[in-house]
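The file my_file_10.csv contains CSV, C-alpha atoms and all ligand atoms:
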chain,number,residue,atom,x,y,z
A,285,MET,CA,89.8,-86.8,132.3
A,286,LYS,CA,87.0,-85.6,130.0
A,287,LEU,CA,84.7,-82.8,131.1
A,288,ALA,CA,81.3,-81.6,129.9
A,289,ILE,CA,80.9,-77.8,130.1
A,290,GLY,CA,78.1,-75.5,129.5
A,291,SER,CA,76.6,-72.1,130.3
A,292,ASP,CA,73.7,-69.8,129.5
A,293,HIS,CA,74.3,-66.3,128.2
A,294,GLY,CA,74.9,-65.1,131.8
A,295,GLY,CA,77.9,-67.4,132.2
A,296,PHE,CA,79.2,-67.3,128.6
A,297,ARG,CA,82.2,-65.2,129.2
A,298,LEU,CA,83.4,-67.1,132.2
A,299,LYS,CA,82.8,-70.4,130.4
A,300,LYS,CA,85.2,-69.1,127.6
A,301,GLU,CA,87.9,-68.3,130.2
A,302,ILE,CA,87.5,-71.8,131.8
A,303,ILE,CA,87.8,-73.4,128.4
A,304,GLU,CA,91.0,-71.5,127.7
A,305,HIS,CA,92.3,-72.7,131.1
A,306,LEU,CA,91.4,-76.3,130.3
A,307,LYS,CA,93.1,-76.1,126.9
A,308,ALA,CA,96.3,-74.7,128.5
A,309,LYS,CA,96.3,-77.7,130.9
A,310,GLY,CA,95.5,-80.3,128.2
A,311,ILE,CA,92.3,-81.3,129.9
A,312,GLY,CA,89.7,-82.8,127.4
A,313,TYR,CA,86.2,-81.2,127.3
A,314,LYS,CA,83.1,-80.9,125.2
A,315,ASP,CA,81.4,-77.5,125.1
A,316,PHE,CA,77.6,-78.0,125.2
A,317,GLY,CA,76.9,-74.3,124.5
A,318,THR,CA,75.6,-71.7,124.6
A,319,PHE,CA,77.8,-70.3,121.9
A,320,SER,CA,77.0,-66.5,122.2
A,321,GLU,CA,75.8,-63.9,124.6
A,322,GLU,CA,72.3,-64.0,123.1
A,323,SER,CA,69.7,-64.7,125.8
A,324,CYS,CA,68.8,-68.4,126.2
A,325,ASP,CA,67.3,-70.6,128.9
A,326,TYR,CA,69.7,-72.3,131.4
A,327,PRO,CA,67.6,-75.5,131.9
A,328,ASP,CA,68.3,-76.4,128.3
A,329,ILE,CA,72.0,-76.5,129.0
A,330,SER,CA,71.6,-78.2,132.4
A,331,LEU,CA,69.7,-81.0,130.7
A,332,GLU,CA,72.4,-81.6,128.1
A,333,VAL,CA,75.3,-81.5,130.4
A,334,GLY,CA,73.5,-83.2,133.2
A,335,GLU,CA,72.4,-86.2,131.1
A,336,ALA,CA,75.9,-86.6,129.6
A,337,VAL,CA,77.4,-86.6,133.1
A,338,ALA,CA,74.8,-88.9,134.6
A,339,ALA,CA,75.3,-91.3,131.7
A,340,LYS,CA,79.0,-91.3,132.6
A,341,GLN,CA,80.0,-90.1,129.1
A,342,TYR,CA,82.1,-87.5,130.9
A,343,ASP,CA,84.0,-87.7,134.2
A,344,LEU,CA,82.7,-84.4,135.6
A,345,GLY,CA,80.8,-81.4,134.4
A,346,ILE,CA,80.9,-77.6,134.8
A,347,LEU,CA,77.9,-75.4,134.5
A,348,ILE,CA,78.0,-71.6,134.6
A,349,CYS,CA,75.1,-69.1,134.6
A,350,GLY,CA,74.7,-65.6,136.1
A,351,THR,CA,74.5,-66.8,139.7
A,352,GLY,CA,75.3,-70.6,139.3
A,353,ILE,CA,72.0,-71.2,141.1
A,354,GLY,CA,69.4,-71.8,138.3
A,355,ILE,CA,71.6,-73.9,136.2
A,356,GLY,CA,72.4,-76.1,139.2
A,357,ILE,CA,68.8,-76.4,140.4
A,358,ALA,CA,67.8,-77.7,137.0
A,359,ALA,CA,70.8,-80.1,136.7
A,360,ASN,CA,70.0,-81.6,140.1
A,361,LYS,CA,66.6,-82.8,138.8
A,362,ILE,CA,68.4,-85.4,136.7
A,363,ALA,CA,68.9,-88.7,138.6
A,364,GLY,CA,72.6,-89.3,139.2
A,365,VAL,CA,73.5,-85.6,139.1
A,366,ARG,CA,75.0,-84.0,142.2
A,367,ALA,CA,75.6,-80.4,141.2
A,368,ALA,CA,77.4,-78.2,143.7
A,369,LEU,CA,77.4,-74.4,143.7
A,370,CYS,CA,80.9,-73.3,144.8
A,371,HIS,CA,82.3,-69.8,145.1
A,372,ASP,CA,85.2,-70.7,147.4
A,373,THR,CA,87.9,-73.4,147.3
A,374,PHE,CA,86.9,-75.1,150.5
A,375,SER,CA,83.5,-75.9,149.1
A,376,ALA,CA,85.1,-77.0,145.8
A,377,HIS,CA,87.1,-79.8,147.5
A,378,ALA,CA,84.5,-80.6,150.2
A,379,CYS,CA,81.8,-81.2,147.6
A,380,ARG,CA,84.0,-83.8,145.9
A,381,GLU,CA,85.3,-85.4,149.1
A,382,HIS,CA,82.0,-85.6,150.9
A,383,ASN,CA,79.2,-85.3,148.4
A,384,ASN,CA,80.9,-86.9,145.3
A,385,ALA,CA,79.6,-83.9,143.4
A,386,ASN,CA,79.9,-84.6,139.7
A,387,ILE,CA,79.0,-81.1,138.4
A,388,LEU,CA,80.5,-77.8,139.6
A,389,THR,CA,78.3,-74.7,139.2
A,390,MET,CA,79.4,-71.1,139.4
A,391,GLY,CA,78.0,-67.6,138.8
A,392,GLU,CA,79.8,-65.3,136.4
A,393,ARG,CA,78.1,-62.3,138.1
A,394,VAL,CA,79.3,-63.5,141.5
A,395,ILE,CA,83.0,-64.2,141.3
A,396,GLY,CA,86.1,-63.1,139.3
A,397,THR,CA,87.9,-65.2,136.8
A,398,GLY,CA,91.0,-65.8,139.0
A,399,LEU,CA,89.0,-67.3,141.8
A,400,ALA,CA,86.8,-69.3,139.4
A,401,LEU,CA,89.8,-70.9,137.8
A,402,GLU,CA,91.2,-71.9,141.3
A,403,ILE,CA,87.9,-73.4,142.1
A,404,VAL,CA,87.9,-75.4,138.9
A,405,ASP,CA,91.4,-76.7,139.6
A,406,THR,CA,90.5,-77.6,143.2
A,407,PHE,CA,87.3,-79.4,142.1
A,408,LEU,CA,89.1,-81.4,139.4
A,409,ASN,CA,92.0,-82.4,141.7
A,410,SER,CA,89.8,-83.6,144.6
A,411,GLN,CA,88.6,-87.2,145.1
A,412,PHE,CA,85.5,-88.7,146.8
A,413,GLU,CA,86.5,-90.1,150.2
A,414,GLY,CA,83.8,-92.8,150.3
A,415,ASP,CA,83.3,-94.6,153.7
A,416,ARG,CA,80.5,-92.9,155.7
A,417,HIS,CA,80.0,-90.4,152.8
A,418,LEU,CA,79.0,-93.3,150.5
A,419,ARG,CA,76.2,-94.2,152.9
A,420,ARG,CA,74.9,-90.7,152.6
A,421,ILE,CA,75.2,-90.5,148.8
A,422,ASN,CA,73.3,-93.8,148.6
A,423,LYS,CA,70.5,-92.2,150.7
A,424,ILE,CA,70.3,-89.4,148.1
A,425,SER,CA,69.9,-92.0,145.4
A,426,ASP,CA,67.1,-93.6,147.5
A,427,ILE,CA,65.3,-90.2,147.5
A,428,GLU,CA,65.7,-90.0,143.7
A,429,LYS,CA,64.2,-93.5,143.3
A,430,LYS,CA,61.3,-92.7,145.6
A,431,TYR,CA,60.3,-89.7,143.5
A,432,GLN,CA,61.0,-91.2,140.0
A,433,LYS,CA,57.9,-91.9,138.0
B,1,LIG,C1,69.9,-65.0,133.4
B,1,LIG,O1,69.6,-63.6,133.3
B,1,LIG,C2,70.1,-65.5,134.8
B,1,LIG,O2,68.8,-65.5,135.4
B,1,LIG,C3,70.7,-66.8,134.8
B,1,LIG,O3,72.0,-66.7,134.2
B,1,LIG,C4,71.0,-67.4,136.2
B,1,LIG,O4,71.6,-66.5,137.1
B,1,LIG,C5,69.8,-68.1,136.8
B,1,LIG,O5,69.9,-68.7,137.9

For this file, produce the structure as structure tokens.
Amino acid sequence: MKLAIGSDHGGFRLKKEIIEHLKAKGIGYKDFGTFSEESCDYPDISLEVGEAVAAKQYDLGILICGTGIGIGIAANKIAGVRAALCHDTFSAHACREHNNANILTMGERVIGTGLALEIVDTFLNSQFEGDRHLRRINKISDIEKKYQK
């Protein structure tokens, strides 16, 4: 498995903890920045990670900002991205099983590192269940197509 990971300054410290966790587990990743706590704009990171995941260059993505909200809203503008904000482990497996979420978003200012790492593990270890959920995912794609220029 290869992951794309990124954060703005508000998620920089949690991103570092997640990267250490991925390294310890031998999970491959590319860090798309940001690379310091200097203020930056989260949509820039959403665009890089979102495009890489939508193009299937990576299996899944992780995006962190202060709340996990802005970075996910921006990523979800990219066709093919299904970014899910998860601050609990139930959502972390349900968004994979039901929504085939391909990007996990979290907020460093919202949760602690311990729970965030459990959410990462749960997200990575869960699989899309297909079946009726595929029909619904396809309807999301239809909405994307309707609004694509
Ligand atoms: C940055 O201050 C903050 O607005 C950002 O990290 C995020 O929380 C936006 O949704």

Please return as a PDB file with C-alpha atoms, in the coordinates of the input the residues found within 10 Å of ligand LIG 1 (chain B), counting all atoms listed in the file.
ATOM      1  CA  SER A 291      76.600 -72.100 130.300  1.00  0.00           C
ATOM      2  CA  ASP A 292      73.700 -69.800 129.500  1.00  0.00           C
ATOM      3  CA  HIS A 293      74.300 -66.300 128.200  1.00  0.00           C
ATOM      4  CA  GLY A 294      74.900 -65.100 131.800  1.00  0.00           C
ATOM      5  CA  GLY A 295      77.900 -67.400 132.200  1.00  0.00           C
ATOM      6  CA  PHE A 296      79.200 -67.300 128.600  1.00  0.00           C
ATOM      7  CA  SER A 323      69.700 -64.700 125.800  1.00  0.00           C
ATOM      8  CA  CYS A 324      68.800 -68.400 126.200  1.00  0.00           C
ATOM      9  CA  ASP A 325      67.300 -70.600 128.900  1.00  0.00           C
ATOM     10  CA  TYR A 326      69.700 -72.300 131.400  1.00  0.00           C
ATOM     11  CA  PRO A 327      67.600 -75.500 131.900  1.00  0.00           C
ATOM     12  CA  ILE A 348      78.000 -71.600 134.600  1.00  0.00           C
ATOM     13  CA  CYS A 349      75.100 -69.100 134.600  1.00  0.00           C
ATOM     14  CA  GLY A 350      74.700 -65.600 136.100  1.00  0.00           C
ATOM     15  CA  THR A 351      74.500 -66.800 139.700  1.00  0.00           C
ATOM     16  CA  GLY A 352      75.300 -70.600 139.300  1.00  0.00           C
ATOM     17  CA  ILE A 353      72.000 -71.200 141.100  1.00  0.00           C
ATOM     18  CA  GLY A 354      69.400 -71.800 138.300  1.00  0.00           C
ATOM     19  CA  ILE A 355      71.600 -73.900 136.200  1.00  0.00           C
ATOM     20  CA  GLY A 356      72.400 -76.100 139.200  1.00  0.00           C
ATOM     21  CA  ILE A 357      68.800 -76.400 140.400  1.00  0.00           C
ATOM     22  CA  ALA A 358      67.800 -77.700 137.000  1.00  0.00           C
ATOM     23  CA  MET A 390      79.400 -71.100 139.400  1.00  0.00           C
ATOM     24  CA  GLY A 391      78.000 -67.600 138.800  1.00  0.00           C
ATOM     25  CA  GLU A 392      79.800 -65.300 136.400  1.00  0.00           C
ATOM     26  CA  ARG A 393      78.100 -62.300 138.100  1.00  0.00           C
ATOM     27  CA  VAL A 394      79.300 -63.500 141.500  1.00  0.00           C
TER      28      VAL A 394
END

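From CA of Lys300 (chain A) back to CA of His377 (chain A), the distance works out to 22.7 Å.
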
Env of Ile289 (chain A): 10 Å cut, atoms = all atoms listed in the file, seq-sep filter 2 positions within chain, self excluded. Answer as a short mmCIF file (atom, residue, chain, number, x, y, z; two decimals) with C-alpha atoms, in the coordinates of the input.
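out_31.cif written:
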data_model
loop_
_atom_site.label_atom_id
_atom_site.label_comp_id
_atom_site.auth_asym_id
_atom_site.auth_seq_id
_atom_site.Cartn_x
_atom_site.Cartn_y
_atom_site.Cartn_z
CA LYS A 286 87.00 -85.60 130.00
CA LEU A 287 84.70 -82.80 131.10
CA SER A 291 76.60 -72.10 130.30
CA LYS A 299 82.80 -70.40 130.40
CA ILE A 302 87.50 -71.80 131.80
CA ILE A 303 87.80 -73.40 128.40
CA TYR A 313 86.20 -81.20 127.30
CA LYS A 314 83.10 -80.90 125.20
CA ASP A 315 81.40 -77.50 125.10
CA PHE A 316 77.60 -78.00 125.20
CA GLY A 317 76.90 -74.30 124.50
CA THR A 318 75.60 -71.70 124.60
CA ILE A 329 72.00 -76.50 129.00
CA SER A 330 71.60 -78.20 132.40
CA GLU A 332 72.40 -81.60 128.10
CA VAL A 333 75.30 -81.50 130.40
CA GLY A 334 73.50 -83.20 133.20
CA VAL A 337 77.40 -86.60 133.10
CA TYR A 342 82.10 -87.50 130.90
CA LEU A 344 82.70 -84.40 135.60
CA GLY A 345 80.80 -81.40 134.40
CA ILE A 346 80.90 -77.60 134.80
CA LEU A 347 77.90 -75.40 134.50
CA ILE A 348 78.00 -71.60 134.60
CA ILE A 387 79.00 -81.10 138.40
CA LEU A 388 80.50 -77.80 139.60
CA THR A 389 78.30 -74.70 139.20
#

I'd like to know which of A:Leu418, A:Ile424, A:Leu401, A:Leu306 is closest to Asn360 (chain A), using all atoms listed in the file.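 The shortest atom-to-atom distance to Asn360 (chain A) comes from A:Ile424.
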
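Atom to atom, CA of Ala367 (chain A) and CA of Asn386 (chain A) stand 6.2 Å apart.
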
Atom pair CA of Ala376 (chain A) + CA of Ala339 (chain A), distance 22.3 Å

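Closest approach to Ser375 (chain A) among A:Ile395, A:Tyr431, A:Ser410, A:Ile362 is made by A:Ser410 (distances from only C-alpha atoms).
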
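Distances to Ala378 (chain A) were evaluated for A:Lys433, A:Arg297, A:Lys340, A:His417 using all atoms listed in the file, and the minimum falls at A:His417.
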
Given all atoms listed in the file as the counted atoms, nearest of A:Glu402, A:Gln341, A:Gly290, A:Lys429 to Asp328 (chain A):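 Result for the nearest residue to Asp328 (chain A): A:Gly290.
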
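Distances from A:His371, A:Lys307, A:Arg420, A:Lys430 to Leu399 (chain A) were compared using only C-alpha atoms, and the smallest one belongs to A:His371.
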
Which of these, A:Ala336, A:Glu321, A:Phe374, A:Leu331, has the shortest distance to Ala359 (chain A) once you count only C-alpha atoms?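 Among the listed residues, A:Leu331 lies closest to Ala359 (chain A).
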
Restore all heavy atoms in region 327-338 of chain A and list the result as a tab-separated table (two decimals), in the coordinates of the input.
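Result written to result-v7.tsv:
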chain	number	residue	atom	x	y	z
A	327	PRO	N	67.92	-74.02	131.77
A	327	PRO	CA	67.60	-75.50	131.90
A	327	PRO	C	67.95	-76.30	130.71
A	327	PRO	O	68.23	-77.50	130.85
A	327	PRO	CB	66.09	-75.45	132.20
A	327	PRO	CG	65.81	-74.09	132.76
A	327	PRO	CD	66.73	-73.18	131.99
A	328	ASP	N	67.92	-75.68	129.53
A	328	ASP	CA	68.30	-76.40	128.30
A	328	ASP	C	69.71	-76.93	128.37
A	328	ASP	O	70.03	-78.05	127.95
A	328	ASP	CB	68.08	-75.57	127.06
A	328	ASP	CG	66.63	-75.13	126.87
A	328	ASP	OD1	65.73	-75.81	127.41
A	328	ASP	OD2	66.42	-74.10	126.21
A	329	ILE	N	70.58	-76.10	128.91
A	329	ILE	CA	72.00	-76.50	129.00
A	329	ILE	C	72.21	-77.45	130.16
A	329	ILE	O	72.97	-78.41	130.04
A	329	ILE	CB	72.86	-75.19	129.25
A	329	ILE	CG1	72.56	-74.12	128.19
A	329	ILE	CG2	74.35	-75.54	129.30
A	329	ILE	CD1	72.92	-74.49	126.78
A	330	SER	N	71.49	-77.22	131.27
A	330	SER	CA	71.60	-78.20	132.40
A	330	SER	C	71.22	-79.56	131.95
A	330	SER	O	71.86	-80.54	132.36
A	330	SER	CB	70.61	-77.76	133.51
A	330	SER	OG	70.78	-76.44	133.90
A	331	LEU	N	70.17	-79.66	131.14
A	331	LEU	CA	69.70	-81.00	130.70
A	331	LEU	C	70.75	-81.69	129.86
A	331	LEU	O	71.05	-82.87	130.08
A	331	LEU	CB	68.40	-80.80	129.88
A	331	LEU	CG	67.70	-82.09	129.43
A	331	LEU	CD1	67.27	-82.94	130.62
A	331	LEU	CD2	66.50	-81.78	128.55
A	332	GLU	N	71.36	-80.97	128.93
A	332	GLU	CA	72.40	-81.60	128.10
A	332	GLU	C	73.59	-82.06	128.83
A	332	GLU	O	74.06	-83.20	128.71
A	332	GLU	CB	72.79	-80.63	126.96
A	332	GLU	CG	71.72	-80.43	125.92
A	332	GLU	CD	72.33	-80.22	124.55
A	332	GLU	OE1	73.30	-80.93	124.21
A	332	GLU	OE2	71.84	-79.32	123.86
A	333	VAL	N	74.13	-81.15	129.64
A	333	VAL	CA	75.30	-81.50	130.40
A	333	VAL	C	75.00	-82.52	131.48
A	333	VAL	O	75.73	-83.50	131.67
A	333	VAL	CB	75.96	-80.22	131.03
A	333	VAL	CG1	77.06	-80.57	132.03
A	333	VAL	CG2	76.52	-79.32	129.93
A	334	GLY	N	73.87	-82.34	132.15
A	334	GLY	CA	73.50	-83.20	133.20
A	334	GLY	C	73.28	-84.67	132.73
A	334	GLY	O	73.74	-85.62	133.36
A	335	GLU	N	72.59	-84.81	131.60
A	335	GLU	CA	72.40	-86.20	131.10
A	335	GLU	C	73.68	-86.81	130.66
A	335	GLU	O	73.89	-88.00	130.89
A	335	GLU	CB	71.41	-86.11	129.87
A	335	GLU	CG	69.97	-85.89	130.30
A	335	GLU	CD	68.95	-85.99	129.16
A	335	GLU	OE1	69.34	-85.82	127.99
A	335	GLU	OE2	67.77	-86.20	129.47
A	336	ALA	N	74.57	-86.05	130.07
A	336	ALA	CA	75.90	-86.60	129.60
A	336	ALA	C	76.70	-87.05	130.81
A	336	ALA	O	77.35	-88.10	130.77
A	336	ALA	CB	76.60	-85.57	128.78
A	337	VAL	N	76.67	-86.27	131.89
A	337	VAL	CA	77.40	-86.60	133.10
A	337	VAL	C	76.79	-87.82	133.81
A	337	VAL	O	77.46	-88.77	134.22
A	337	VAL	CB	77.62	-85.43	134.03
A	337	VAL	CG1	78.24	-85.84	135.36
A	337	VAL	CG2	78.48	-84.36	133.36
A	338	ALA	N	75.46	-87.78	133.94
A	338	ALA	CA	74.80	-88.90	134.60
A	338	ALA	C	74.96	-90.20	133.89
A	338	ALA	O	75.05	-91.26	134.50
A	338	ALA	CB	73.27	-88.56	134.75
